[in-house]
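Structure below is model.csv: CSV, C-alpha atoms.
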chain,number,residue,atom,x,y,z
A,1,MET,CA,122.2,82.6,106.2
A,2,THR,CA,120.9,79.0,106.1
A,3,PRO,CA,117.1,78.5,106.6
A,4,ASP,CA,117.9,77.1,110.1
A,5,GLN,CA,120.0,80.1,111.0
A,6,GLU,CA,117.3,82.4,109.7
A,7,LEU,CA,114.7,80.7,111.9
A,8,HIS,CA,117.1,80.9,114.8
A,9,ALA,CA,117.8,84.6,114.2
A,10,GLY,CA,114.1,85.3,114.0
A,11,ALA,CA,113.6,83.7,117.4
A,12,LEU,CA,116.5,85.5,118.8
A,13,MET,CA,115.2,88.8,117.6
A,14,ALA,CA,111.7,88.1,119.1
A,15,ARG,CA,113.4,87.5,122.4
A,16,ALA,CA,115.6,90.6,122.0
A,17,GLN,CA,112.5,92.7,121.4
A,18,GLY,CA,111.4,91.6,124.9
A,19,GLY,CA,114.6,92.8,126.4
A,20,ASP,CA,116.6,89.5,126.4
A,21,GLN,CA,120.2,90.8,126.2
A,22,ALA,CA,121.9,87.4,125.8
A,23,ALA,CA,119.7,86.7,122.8
A,24,TYR,CA,120.4,90.1,121.4
A,25,ASP,CA,124.2,89.6,121.8
A,26,GLU,CA,124.0,86.3,120.0
A,27,LEU,CA,121.9,87.8,117.2
A,28,LEU,CA,124.2,90.7,116.6
A,29,ARG,CA,127.2,88.5,116.4
A,30,LEU,CA,125.5,86.2,114.0
A,31,ALA,CA,124.4,89.3,112.0
A,32,ALA,CA,127.9,90.7,111.9
A,33,ARG,CA,129.4,87.4,110.6
A,34,GLU,CA,126.7,87.1,108.0
A,35,ALA,CA,127.1,90.8,107.0
A,36,ARG,CA,130.9,90.4,106.6
A,37,GLY,CA,130.4,87.5,104.2
A,38,PHE,CA,127.6,89.3,102.3
A,39,VAL,CA,129.6,92.4,101.7
A,40,ALA,CA,132.7,90.5,100.7
A,41,ARG,CA,130.8,88.4,98.3
A,42,ARG,CA,129.3,91.5,96.6
A,43,VAL,CA,132.2,93.9,96.5
A,44,GLY,CA,135.3,91.8,97.1
A,45,ALA,CA,137.9,92.3,99.8
A,46,VAL,CA,137.7,96.0,100.4
A,47,ASP,CA,139.0,97.7,103.5
A,48,TRP,CA,135.6,99.2,104.4
A,49,VAL,CA,133.7,96.0,105.0
A,50,GLU,CA,133.7,96.6,108.7
A,51,ASP,CA,132.2,100.1,108.2
A,52,VAL,CA,129.2,98.6,106.4
A,53,VAL,CA,128.9,95.8,109.0
A,54,GLN,CA,128.8,98.5,111.8
A,55,GLU,CA,126.3,100.7,110.0
A,56,ALA,CA,124.1,97.6,109.4
A,57,LEU,CA,124.3,96.7,113.1
A,58,ILE,CA,123.4,100.2,114.2
A,59,THR,CA,120.4,100.2,111.8
A,60,ILE,CA,119.3,96.8,113.1
A,61,HIS,CA,119.4,98.2,116.6
A,62,LYS,CA,117.4,101.3,115.7
A,63,ALA,CA,114.9,99.3,113.6
A,64,ARG,CA,114.5,96.2,115.8
A,65,HIS,CA,111.0,97.2,116.8
A,66,THR,CA,110.0,96.9,113.1
A,67,TYR,CA,110.7,93.2,112.9
A,68,ASP,CA,107.6,91.1,112.9
A,69,PRO,CA,108.3,87.6,114.3
A,70,ALA,CA,105.4,86.3,112.1
A,71,ARG,CA,107.5,87.0,109.0
A,72,PRO,CA,110.8,85.5,108.0
A,73,PHE,CA,113.9,87.2,109.3
A,74,GLY,CA,116.0,87.0,106.1
A,75,PRO,CA,114.1,89.7,104.0
A,76,TRP,CA,114.1,92.1,106.9
A,77,PHE,CA,117.8,91.6,107.6
A,78,TYR,CA,119.0,91.6,104.0
A,79,ALA,CA,117.0,94.7,103.1
A,80,ILE,CA,118.9,96.6,105.9
A,81,LEU,CA,122.2,95.1,104.8
A,82,ASN,CA,121.6,95.9,101.1
A,83,SER,CA,120.6,99.5,101.8
A,84,ARG,CA,123.7,100.1,104.0
A,85,LEU,CA,125.9,98.5,101.3
A,86,ILE,CA,124.4,100.7,98.6
A,87,ASP,CA,124.9,103.8,100.8
A,88,ALA,CA,128.5,102.9,101.3
A,89,LEU,CA,129.1,102.4,97.6
A,90,ARG,CA,127.5,105.7,96.8
A,91,SER,CA,129.4,107.5,99.5
A,92,LYS,CA,132.7,105.9,98.3
A,93,LYS,CA,132.0,106.8,94.7
A,94,ARG,CA,131.2,110.4,95.7
A,95,LEU,CA,134.3,110.7,97.9
A,96,GLY,CA,136.4,109.2,95.1
A,97,SER,CA,135.2,111.8,92.6
A,98,ARG,CA,136.2,114.6,95.0
A,99,GLU,CA,139.7,113.3,95.9
A,100,VAL,CA,142.7,115.3,94.6
A,101,VAL,CA,145.0,112.9,92.8
A,102,ASP,CA,148.6,112.9,93.9
A,103,GLU,CA,150.1,111.2,90.9
A,104,ALA,CA,153.6,110.7,92.4
A,105,ALA,CA,152.2,109.1,95.5
A,106,LEU,CA,149.9,106.9,93.4
A,107,ALA,CA,152.9,105.8,91.3
A,108,ALA,CA,154.7,104.6,94.4
A,109,GLN,CA,151.7,102.5,95.5
A,110,PRO,CA,151.2,98.9,94.4
A,111,ALA,CA,148.5,98.4,91.7
A,112,PRO,CA,145.0,98.5,93.2
A,113,ARG,CA,143.1,95.2,93.4
A,114,THR,CA,140.1,96.7,91.5
A,115,SER,CA,139.9,99.4,88.9
A,116,ALA,CA,137.4,102.3,89.1
A,117,GLY,CA,135.5,100.7,86.2
A,118,ASP,CA,135.1,97.5,88.1
A,119,ALA,CA,133.9,99.4,91.2
A,120,ASP,CA,131.4,101.2,89.0
A,121,VAL,CA,130.1,98.0,87.5
A,122,ARG,CA,129.9,96.4,90.9
A,123,GLU,CA,128.0,99.3,92.3
A,124,THR,CA,125.6,99.4,89.5
A,125,LEU,CA,125.1,95.6,89.6
A,126,ALA,CA,124.6,95.6,93.4
A,127,ARG,CA,122.1,98.4,93.1
A,128,ALA,CA,120.3,96.6,90.3
A,129,VAL,CA,120.2,93.4,92.2
A,130,ALA,CA,118.8,95.2,95.2
A,131,GLU,CA,116.0,96.7,93.1
A,132,LEU,CA,114.8,93.4,91.7
A,133,PRO,CA,111.5,92.1,92.9
A,134,ARG,CA,112.0,90.2,96.2
A,135,ILE,CA,111.7,86.6,94.9
A,136,GLN,CA,114.0,87.3,91.9
A,137,ARG,CA,116.5,89.2,94.1
A,138,GLU,CA,116.6,86.3,96.6
A,139,ILE,CA,117.1,83.7,93.8
A,140,VAL,CA,119.8,85.7,92.0
A,141,SER,CA,121.6,86.4,95.3
A,142,LEU,CA,121.5,82.7,96.3
A,143,LEU,CA,122.6,81.5,92.9
A,144,LYS,CA,125.3,84.1,92.3
A,145,TYR,CA,126.5,85.2,95.6
A,146,GLU,CA,125.9,82.2,97.8
A,147,ASP,CA,126.8,79.9,95.0
A,148,LEU,CA,123.9,77.5,95.7
A,149,SER,CA,122.7,75.1,93.0
A,150,VAL,CA,119.2,75.5,91.5
A,151,ARG,CA,118.1,72.4,93.4
A,152,ASP,CA,119.3,73.9,96.8
A,153,VAL,CA,117.6,77.3,96.0
A,154,ALA,CA,114.4,75.5,95.1
A,155,ALA,CA,114.5,73.6,98.4
A,156,ARG,CA,115.3,76.6,100.4
A,157,LEU,CA,112.5,78.8,99.0
A,158,GLY,CA,110.0,75.9,98.7
A,159,MET,CA,109.7,76.3,94.9
A,160,SER,CA,110.0,73.9,92.0
A,161,GLU,CA,113.4,73.9,90.1
A,162,ALA,CA,111.5,75.1,87.0
A,163,ALA,CA,110.1,78.0,88.8
A,164,VAL,CA,113.5,79.0,90.2
A,165,LYS,CA,115.0,78.8,86.7
A,166,ALA,CA,112.2,80.9,85.3
A,167,SER,CA,112.5,83.5,88.0
A,168,ALA,CA,116.2,83.6,87.7
A,169,HIS,CA,115.9,84.0,84.0
A,170,ARG,CA,113.5,86.9,84.4
A,171,GLY,CA,115.9,88.4,87.0
A,172,TYR,CA,118.9,88.2,84.7
A,173,LYS,CA,116.9,89.7,81.9
A,174,LEU,CA,116.0,92.7,84.1
A,175,LEU,CA,119.6,93.0,85.2
A,176,ARG,CA,120.8,92.9,81.6
A,177,ARG,CA,118.3,95.7,80.8
A,178,THR,CA,119.2,97.8,83.8
A,179,VAL,CA,123.0,97.3,83.9
A,180,GLY,CA,123.6,96.9,80.2
A,181,LEU,CA,125.7,93.8,80.7
A,182,ALA,CA,125.6,91.2,78.1
A,183,ASP,CA,126.7,88.3,80.2
A,184,VAL,CA,125.2,88.6,83.7
A,185,GLU,CA,123.8,85.1,83.5
A,186,HIS,CA,127.2,83.6,82.9
A,187,ARG,CA,129.3,86.0,84.9
A,188,PRO,CA,130.8,84.3,88.0
A,189,ALA,CA,130.1,85.9,91.4
A,190,ASP,CA,133.0,87.9,92.8
F,1,MET,CA,142.9,101.9,118.4
F,2,GLY,CA,141.7,98.3,118.0
F,3,SER,CA,141.2,96.4,114.8
F,4,PRO,CA,138.0,97.0,112.8
F,5,THR,CA,136.6,93.6,114.0
F,6,SER,CA,137.4,94.4,117.6
F,7,ASN,CA,135.7,97.8,117.1
F,8,THR,CA,132.6,95.9,115.8
F,9,ASP,CA,132.7,93.7,119.0
F,10,GLN,CA,132.8,96.9,121.1
F,11,LEU,CA,129.9,98.3,119.1
F,12,ILE,CA,127.9,95.1,119.7
F,13,ASP,CA,128.7,95.2,123.5
F,14,ARG,CA,127.4,98.8,123.5
F,15,LEU,CA,124.2,98.1,121.5
F,16,VAL,CA,123.5,95.1,123.8
F,17,ALA,CA,124.0,97.2,126.9
F,18,GLU,CA,121.6,99.8,125.5
F,19,ALA,CA,118.9,97.2,124.5
F,20,SER,CA,115.7,97.6,126.4
F,21,PRO,CA,112.3,96.0,125.5
F,22,VAL,CA,110.7,97.6,122.5
F,23,ARG,CA,107.1,98.0,121.5
F,24,ARG,CA,106.6,96.2,118.1
F,25,LEU,CA,105.4,98.3,115.2
F,26,ILE,CA,101.8,97.5,114.3
F,27,ASP,CA,101.0,96.1,110.9
F,28,PRO,CA,101.5,98.6,108.0
F,29,ARG,CA,97.9,98.2,106.8
F,30,ARG,CA,96.5,99.0,110.2
F,31,ARG,CA,98.8,102.0,110.4
F,32,ALA,CA,97.5,103.0,106.9
F,33,ALA,CA,93.9,102.7,108.1
F,34,LEU,CA,94.8,105.0,111.0
F,35,TRP,CA,96.4,107.6,108.7
F,36,THR,CA,93.4,107.4,106.3
F,37,ALA,CA,91.0,108.1,109.2
F,38,LEU,CA,93.1,111.1,110.1
F,39,ALA,CA,93.2,112.3,106.5
F,40,LEU,CA,89.4,111.8,106.1
F,41,VAL,CA,88.8,113.9,109.2
F,42,CYS,CA,91.0,116.6,107.8
F,43,VAL,CA,89.1,116.4,104.4
F,44,GLY,CA,85.8,116.7,106.3
F,45,LEU,CA,87.0,119.6,108.4
F,46,GLY,CA,88.4,121.3,105.2
F,47,ILE,CA,85.1,120.8,103.4
F,48,SER,CA,83.1,122.2,106.3
F,49,TRP,CA,85.5,125.2,106.6
F,50,PHE,CA,85.7,126.0,102.9
F,51,GLY,CA,82.1,125.0,102.0
F,52,ILE,CA,80.7,122.5,99.5
F,53,SER,CA,80.7,123.6,95.9
F,54,PRO,CA,77.1,124.7,95.0
F,55,ASP,CA,77.2,122.6,91.8
F,56,LEU,CA,78.2,119.4,93.6
F,57,PRO,CA,74.8,117.7,93.1
F,58,GLY,CA,75.1,118.3,89.3
F,59,ALA,CA,78.8,117.3,89.3
F,60,MET,CA,77.9,114.0,91.0
F,61,THR,CA,76.1,112.9,87.8
F,62,PHE,CA,79.2,113.9,85.6
F,63,LEU,CA,81.3,110.8,84.9
F,64,PRO,CA,84.8,112.5,84.6
F,65,PHE,CA,84.2,114.1,88.0
F,66,LEU,CA,83.3,110.8,89.6
F,67,VAL,CA,86.3,109.1,88.0
F,68,ARG,CA,88.6,111.8,89.3
F,69,ILE,CA,87.2,111.6,92.8
F,70,GLY,CA,87.7,107.8,92.7
F,71,LEU,CA,91.2,108.2,91.4
F,72,PHE,CA,92.2,110.7,94.0
F,73,ALA,CA,90.8,108.4,96.8
F,74,ALA,CA,92.6,105.4,95.3
F,75,THR,CA,95.8,107.3,94.9
F,76,MET,CA,95.6,108.4,98.5
F,77,TRP,CA,95.0,104.9,99.9
F,78,LEU,CA,97.5,103.1,97.7
F,79,SER,CA,100.2,105.7,98.3
F,80,VAL,CA,99.9,105.6,102.1
F,81,VAL,CA,99.8,101.8,102.1
F,82,ALA,CA,102.9,101.6,99.9
F,83,ALA,CA,104.7,104.3,101.9
F,84,LEU,CA,104.0,102.5,105.2
F,85,GLN,CA,104.9,99.1,103.8
F,86,LEU,CA,108.2,100.4,102.4
F,87,SER,CA,109.0,102.0,105.7
F,88,VAL,CA,109.5,98.6,107.2
F,89,PRO,CA,112.7,96.8,106.0
F,90,GLY,CA,111.9,93.8,103.8
F,91,ALA,CA,108.2,94.5,103.6
F,92,GLY,CA,106.1,95.6,100.7
F,93,GLU,CA,108.8,94.8,98.2
F,94,ARG,CA,106.6,93.3,95.5
F,95,ALA,CA,107.5,94.8,92.2
F,96,TRP,CA,104.3,96.9,91.9
F,97,THR,CA,104.0,98.1,95.5
F,98,ARG,CA,105.6,101.4,94.8
F,99,TRP,CA,104.3,101.8,91.2
F,100,TRP,CA,100.6,101.2,91.7
F,101,PRO,CA,100.0,104.6,93.4
F,102,LEU,CA,102.0,106.4,90.7
F,103,LEU,CA,100.0,104.6,88.0
F,104,PHE,CA,96.8,105.9,89.5
F,105,LEU,CA,98.2,109.4,89.7
F,106,GLY,CA,99.2,109.0,86.1
F,107,ALA,CA,95.7,107.9,85.2
F,108,LEU,CA,94.4,111.0,87.0
F,109,VAL,CA,96.6,113.2,84.8
F,110,ALA,CA,95.5,111.2,81.7
F,111,VAL,CA,91.8,111.5,82.5
F,112,THR,CA,92.0,115.2,83.1
F,113,ALA,CA,94.2,115.7,80.1
F,114,ALA,CA,91.7,113.8,77.9
F,115,GLU,CA,88.8,115.9,79.3
F,116,LEU,CA,90.9,119.1,78.6
F,117,MET,CA,91.6,118.1,75.0
F,118,VAL,CA,87.9,117.3,74.4
F,119,VAL,CA,86.8,120.7,75.7
F,120,ALA,CA,89.7,122.5,74.1
F,121,ILE,CA,88.5,121.3,70.7
F,122,ALA,CA,85.1,122.8,71.5
F,123,GLY,CA,86.9,126.0,72.5
F,124,ASP,CA,85.9,126.0,76.2
F,125,ALA,CA,89.0,124.9,78.2
F,126,GLY,CA,88.7,127.7,80.7
F,127,ALA,CA,91.1,130.3,82.0
F,128,PRO,CA,94.3,129.0,83.6
F,129,LEU,CA,95.1,131.8,86.1
F,130,ARG,CA,92.5,131.6,88.8
F,131,GLY,CA,93.5,128.8,91.1
F,132,TRP,CA,95.7,129.9,94.1
F,133,LYS,CA,92.7,129.5,96.4
F,134,CYS,CA,92.6,125.8,95.4
F,135,VAL,CA,96.3,125.4,96.1
F,136,ARG,CA,95.7,127.0,99.5
F,137,LYS,CA,92.9,124.6,100.3
F,138,LEU,CA,95.1,121.7,99.2
F,139,THR,CA,98.0,122.9,101.3
F,140,TYR,CA,95.9,123.6,104.5
F,141,VAL,CA,94.1,120.2,104.3
F,142,GLY,CA,97.1,118.2,103.2
F,143,ALA,CA,99.5,119.6,105.8
F,144,ILE,CA,98.3,117.5,108.8
F,145,PRO,CA,98.1,114.3,106.8
F,146,ALA,CA,101.6,115.0,105.5
F,147,LEU,CA,102.9,115.5,109.0
F,148,GLY,CA,101.0,112.4,110.1
F,149,ALA,CA,102.7,110.4,107.3
F,150,ILE,CA,106.1,111.7,108.2
F,151,VAL,CA,105.6,110.7,111.9
F,152,LEU,CA,104.4,107.2,110.9
F,153,ILE,CA,107.2,106.7,108.5
F,154,ARG,CA,109.8,107.9,111.0
F,155,ARG,CA,108.4,105.6,113.6
F,156,ALA,CA,109.3,102.8,111.3
F,157,SER,CA,112.7,102.6,109.7
F,158,PRO,CA,112.6,103.2,105.9
F,159,VAL,CA,115.6,101.8,104.0
F,160,ASP,CA,114.5,103.8,101.0
F,161,PRO,CA,113.6,107.2,102.4
F,162,VAL,CA,113.2,108.9,99.0
F,163,TRP,CA,110.5,106.5,97.7
F,164,THR,CA,108.8,106.4,101.1
F,165,ALA,CA,108.7,110.2,101.3
F,166,LEU,CA,107.4,110.5,97.7
F,167,LEU,CA,104.5,108.1,98.4
F,168,GLY,CA,103.7,109.7,101.7
F,169,LEU,CA,103.5,113.1,100.2
F,170,VAL,CA,101.4,111.9,97.2
F,171,ALA,CA,99.0,110.5,99.7
F,172,ALA,CA,98.8,113.7,101.7
F,173,GLY,CA,98.5,115.8,98.5
F,174,ALA,CA,95.7,113.5,97.2
F,175,ALA,CA,93.8,114.1,100.5
F,176,GLY,CA,94.2,117.9,100.0
F,177,ALA,CA,93.2,117.7,96.3
F,178,LEU,CA,90.1,115.7,97.2
F,179,THR,CA,88.9,118.6,99.3
F,180,SER,CA,89.6,121.1,96.5
F,181,GLU,CA,87.6,118.8,94.1
F,182,ILE,CA,84.6,118.9,96.5
F,183,ALA,CA,84.8,122.5,97.6
F,184,CYS,CA,85.8,124.2,94.4
F,185,PRO,CA,83.0,125.5,92.1
F,186,LEU,CA,85.3,125.6,89.0
F,187,ARG,CA,85.1,122.5,86.9
F,188,PHE,CA,87.0,123.7,83.8
F,189,PRO,CA,89.5,120.9,83.0
F,190,MET,CA,92.3,123.5,82.6
F,191,HIS,CA,91.6,124.6,86.1
F,192,VAL,CA,91.4,121.1,87.5
F,193,MET,CA,94.6,120.1,85.8
F,194,LEU,CA,96.6,123.1,86.8
F,195,TRP,CA,95.3,123.7,90.3
F,196,HIS,CA,94.0,120.4,91.6
F,197,VAL,CA,96.0,117.6,90.0
F,198,LEU,CA,99.5,119.2,89.3
F,199,PRO,CA,100.0,120.6,92.8
F,200,VAL,CA,99.9,117.1,94.2
F,201,ALA,CA,102.8,116.1,91.8
F,202,VAL,CA,104.7,119.4,92.5
F,203,TYR,CA,104.4,119.1,96.3
F,204,ALA,CA,105.5,115.4,96.1
F,205,ALA,CA,108.4,116.3,93.8
F,206,ILE,CA,109.6,119.2,96.1
F,207,GLY,CA,109.3,117.1,99.3
F,208,THR,CA,111.1,114.2,97.6
F,209,GLY,CA,113.9,116.5,96.4
F,210,VAL,CA,114.4,117.8,100.0
F,211,VAL,CA,114.5,114.2,101.4
F,212,TRP,CA,116.9,113.2,98.7
F,213,LEU,CA,119.2,116.1,99.5
F,214,VAL,CA,119.1,115.4,103.2
F,215,ALA,CA,119.8,111.7,102.6
F,216,ARG,CA,122.7,112.6,100.3
F,217,THR,CA,124.2,115.0,102.8
F,218,ARG,CA,124.0,112.4,105.6
F,219,ARG,CA,125.8,109.9,103.5
F,220,THR,CA,128.8,112.2,102.9
With the file now loaded, output its structure as structure tokens.
Amino acid sequence: MTPDQELHAGALMARAQGGDQAAYDELLRLAAREARGFVARRVGAVDWVEDVVQEALITIHKARHTYDPARPFGPWFYAILNSRLIDALRSKKRLGSREVVDEAALAAQPAPRTSAGDADVRETLARAVAELPRIQREIVSLLKYEDLSVRDVAARLGMSEAAVKASAHRGYKLLRRTVGLADVEHRPAD
Amino acid sequence: MGSPTSNTDQLIDRLVAEASPVRRLIDPRRRAALWTALALVCVGLGISWFGISPDLPGAMTFLPFLVRIGLFAATMWLSVVAALQLSVPGAGERAWTRWWPLLFLGALVAVTAAELMVVAIAGDAGAPLRGWKCVRKLTYVGAIPALGAIVLIRRASPVDPVWTALLGLVAAGAAGALTSEIACPLRFPMHVMLWHVLPVAVYAAIGTGVVWLVARTRRT
């Protein structure tokens, strides 16, 4: 979500809280588009993207009274989105561990796009990113998932480029410690 | 059955049709102040019901006692502020928001443990098996603040229910333990550790475990 979209979404939500259905409709459609991109950037082209999007929309609906128009919309929205994505990843992992494997049927299927190991790493990484302090999480997400340059991130967050680099470095260090990956900093976003 | 995207469009239509004006949640700190007022009323009622310990004037000049009271009060306040901040998506996400209260609870355990070690060396740690009354006091006084915390948390929309529940229960437990500290005549560090401090952690752990199980069951 660009800063302008974020401002616009915040204004739409403020109107939706007052019962403006047209503003709410526009907001939910904007949120759905953003959520689709967000999930796809984090976990790739999985067939349950729409499930996460719908869960996020339902949560936004239930939690709309908690949004404070004096605060930016982005952190509120992405906190909901992140939590729904993590729930989905945990749920998929649990279901996966309970499934009975039909080896003959599996052999007849084309090779999956991602291995279980990749899915595990993605889940751990997504959870670790979600648990970073807010500024570090935003910076890491913008750099790695939104593919923005350091200069763009600094402009968006109103920070100096040096501060963005320092925060990103601290974030990567935390991720390395949490996830145990040696090359988080240089790993391209999926 | 439509495509997943068209299902999402239908969902949006349904949510928009359901949308009515909502009353905005008040600021988490003001909600924390409300909860604290409720908790202090419960502590006051608890103390008037159970009575003030006869040695309280003497205890008020005893530094470890004053430090413990301060740590219980700080743990209670920080926990409820953190719980109510975390119950709003995107708020209260500074790195230490959720850790400060636990740090204070840890300090409480450390101070009591240090006192226990000092008196144990002198051979006067006290008997451990005399504290169910204190647990009862803590439970009675902490129950209403715990319910209050649950109501306030549920009125918001916690995206991390486990942490939020943990902090809410620590706050309620600390309110109950504050009553025990003031009403209980026993000051032996062994007693304080086992029957005033640890029950807060045990209640918080049990409550958090229940919330974790419920959250896990809902996901599957």
Each residue of chain F lying at most 12 Å from chain A should get a row with its shortest atom-to-atom pair and the distance in Å to one decimal, counting all atoms listed in the file; could you produce that, ordered by chain and increasing number, as JSON lines?
{"residue": "F:Ser3", "atom": "CA", "partner": "A:Glu50", "partner_atom": "CA", "distance": 9.7}
{"residue": "F:Pro4", "atom": "CA", "partner": "A:Glu50", "partner_atom": "CA", "distance": 6.0}
{"residue": "F:Thr5", "atom": "CA", "partner": "A:Glu50", "partner_atom": "CA", "distance": 6.7}
{"residue": "F:Ser6", "atom": "CA", "partner": "A:Glu50", "partner_atom": "CA", "distance": 9.9}
{"residue": "F:Asn7", "atom": "CA", "partner": "A:Glu50", "partner_atom": "CA", "distance": 8.7}
{"residue": "F:Thr8", "atom": "CA", "partner": "A:Gln54", "partner_atom": "CA", "distance": 6.1}
{"residue": "F:Asp9", "atom": "CA", "partner": "A:Arg29", "partner_atom": "CA", "distance": 8.0}
{"residue": "F:Gln10", "atom": "CA", "partner": "A:Gln54", "partner_atom": "CA", "distance": 10.2}
{"residue": "F:Leu11", "atom": "CA", "partner": "A:Gln54", "partner_atom": "CA", "distance": 7.4}
{"residue": "F:Ile12", "atom": "CA", "partner": "A:Leu28", "partner_atom": "CA", "distance": 6.5}
{"residue": "F:Asp13", "atom": "CA", "partner": "A:Asp25", "partner_atom": "CA", "distance": 7.4}
{"residue": "F:Arg14", "atom": "CA", "partner": "A:Asp25", "partner_atom": "CA", "distance": 9.9}
{"residue": "F:Leu15", "atom": "CA", "partner": "A:His61", "partner_atom": "CA", "distance": 6.9}
{"residue": "F:Val16", "atom": "CA", "partner": "A:Asp25", "partner_atom": "CA", "distance": 5.9}
{"residue": "F:Ala17", "atom": "CA", "partner": "A:Gln21", "partner_atom": "CA", "distance": 7.5}
{"residue": "F:Glu18", "atom": "CA", "partner": "A:Gln21", "partner_atom": "CA", "distance": 9.1}
{"residue": "F:Ala19", "atom": "CA", "partner": "A:Gly19", "partner_atom": "CA", "distance": 6.4}
{"residue": "F:Ser20", "atom": "CA", "partner": "A:Gly19", "partner_atom": "CA", "distance": 4.9}
{"residue": "F:Pro21", "atom": "CA", "partner": "A:Gly19", "partner_atom": "CA", "distance": 4.0}
{"residue": "F:Val22", "atom": "CA", "partner": "A:Gln17", "partner_atom": "CA", "distance": 5.3}
{"residue": "F:Arg23", "atom": "CA", "partner": "A:His65", "partner_atom": "CA", "distance": 6.2}
{"residue": "F:Arg24", "atom": "CA", "partner": "A:His65", "partner_atom": "CA", "distance": 4.7}
{"residue": "F:Leu25", "atom": "CA", "partner": "A:Thr66", "partner_atom": "CA", "distance": 5.2}
{"residue": "F:Ile26", "atom": "CA", "partner": "A:Thr66", "partner_atom": "CA", "distance": 8.3}
{"residue": "F:Asp27", "atom": "CA", "partner": "A:Asp68", "partner_atom": "CA", "distance": 8.5}
{"residue": "F:Pro28", "atom": "CA", "partner": "A:Thr66", "partner_atom": "CA", "distance": 10.1}
{"residue": "F:Leu84", "atom": "CA", "partner": "A:Thr66", "partner_atom": "CA", "distance": 11.4}
{"residue": "F:Gln85", "atom": "CA", "partner": "A:Thr66", "partner_atom": "CA", "distance": 10.8}
{"residue": "F:Leu86", "atom": "CA", "partner": "A:Ala79", "partner_atom": "CA", "distance": 10.5}
{"residue": "F:Ser87", "atom": "CA", "partner": "A:Thr66", "partner_atom": "CA", "distance": 9.0}
{"residue": "F:Val88", "atom": "CA", "partner": "A:Thr66", "partner_atom": "CA", "distance": 6.2}
{"residue": "F:Pro89", "atom": "CA", "partner": "A:Trp76", "partner_atom": "CA", "distance": 5.0}
{"residue": "F:Gly90", "atom": "CA", "partner": "A:Trp76", "partner_atom": "CA", "distance": 4.2}
{"residue": "F:Ala91", "atom": "CA", "partner": "A:Trp76", "partner_atom": "CA", "distance": 7.2}
{"residue": "F:Gly92", "atom": "CA", "partner": "A:Arg134", "partner_atom": "CA", "distance": 9.2}
{"residue": "F:Glu93", "atom": "CA", "partner": "A:Arg134", "partner_atom": "CA", "distance": 5.9}
{"residue": "F:Arg94", "atom": "CA", "partner": "A:Pro133", "partner_atom": "CA", "distance": 5.7}
{"residue": "F:Ala95", "atom": "CA", "partner": "A:Pro133", "partner_atom": "CA", "distance": 4.9}
{"residue": "F:Trp96", "atom": "CA", "partner": "A:Pro133", "partner_atom": "CA", "distance": 8.7}
{"residue": "F:Thr97", "atom": "CA", "partner": "A:Pro133", "partner_atom": "CA", "distance": 10.0}
{"residue": "F:Arg98", "atom": "CA", "partner": "A:Pro133", "partner_atom": "CA", "distance": 11.2}
{"residue": "F:Leu152", "atom": "CA", "partner": "A:Thr66", "partner_atom": "CA", "distance": 11.9}
{"residue": "F:Ile153", "atom": "CA", "partner": "A:Thr66", "partner_atom": "CA", "distance": 11.2}
{"residue": "F:Arg154", "atom": "CA", "partner": "A:Ala63", "partner_atom": "CA", "distance": 10.3}
{"residue": "F:Arg155", "atom": "CA", "partner": "A:Thr66", "partner_atom": "CA", "distance": 8.9}
{"residue": "F:Ala156", "atom": "CA", "partner": "A:Thr66", "partner_atom": "CA", "distance": 6.2}
{"residue": "F:Ser157", "atom": "CA", "partner": "A:Ala63", "partner_atom": "CA", "distance": 5.6}
{"residue": "F:Pro158", "atom": "CA", "partner": "A:Ala63", "partner_atom": "CA", "distance": 8.9}
{"residue": "F:Val159", "atom": "CA", "partner": "A:Ser83", "partner_atom": "CA", "distance": 5.9}
{"residue": "F:Asp160", "atom": "CA", "partner": "A:Ser83", "partner_atom": "CA", "distance": 7.5}
{"residue": "F:Pro161", "atom": "CA", "partner": "A:Ser83", "partner_atom": "CA", "distance": 10.4}
{"residue": "F:Ala215", "atom": "CA", "partner": "A:Asp87", "partner_atom": "CA", "distance": 9.6}
{"residue": "F:Arg216", "atom": "CA", "partner": "A:Ser91", "partner_atom": "CA", "distance": 8.5}
{"residue": "F:Thr217", "atom": "CA", "partner": "A:Ser91", "partner_atom": "CA", "distance": 9.7}
{"residue": "F:Arg218", "atom": "CA", "partner": "A:Ser91", "partner_atom": "CA", "distance": 9.5}
{"residue": "F:Arg219", "atom": "CA", "partner": "A:Ser91", "partner_atom": "CA", "distance": 5.9}
{"residue": "F:Thr220", "atom": "CA", "partner": "A:Ser91", "partner_atom": "CA", "distance": 5.8}
Exercise. Near region 130-147 of chain F, within 10 Å and counting all atoms listed in the file, which residues show up once chain neighbours fewer than 2 positions away are dropped, as an NGL selection string?
Worked result: :F and (35-47 or 49-50 or 126-128 or 149-153 or 165 or 168-181 or 183-184 or 186 or 191-192 or 194-200 or 203)
Exercise. What's the 8 Å shell around Ile139 (chain A), counting all atoms listed in the file, without same-chain residues fewer than 4 positions away, as number ranges by chain?
Worked result: A: 135, 143, 153, 164, 167-168
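Proximity to Ala59 (chain F) was assessed for F:Gly207, F:Pro185, F:Pro101, F:Gly106 counting all atoms listed in the file; the smallest distance is recorded for F:Pro185.
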Exercise. In Å, with one decimal, what is the gap from CA of Lys93 (chain A) to CA of Val52 (chain A)?
Worked result: 14.6 Å
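Taking CA of Lys165 (chain A) and CA of Trp100 (chain F) as endpoints, the distance between them is 27.1 Å.
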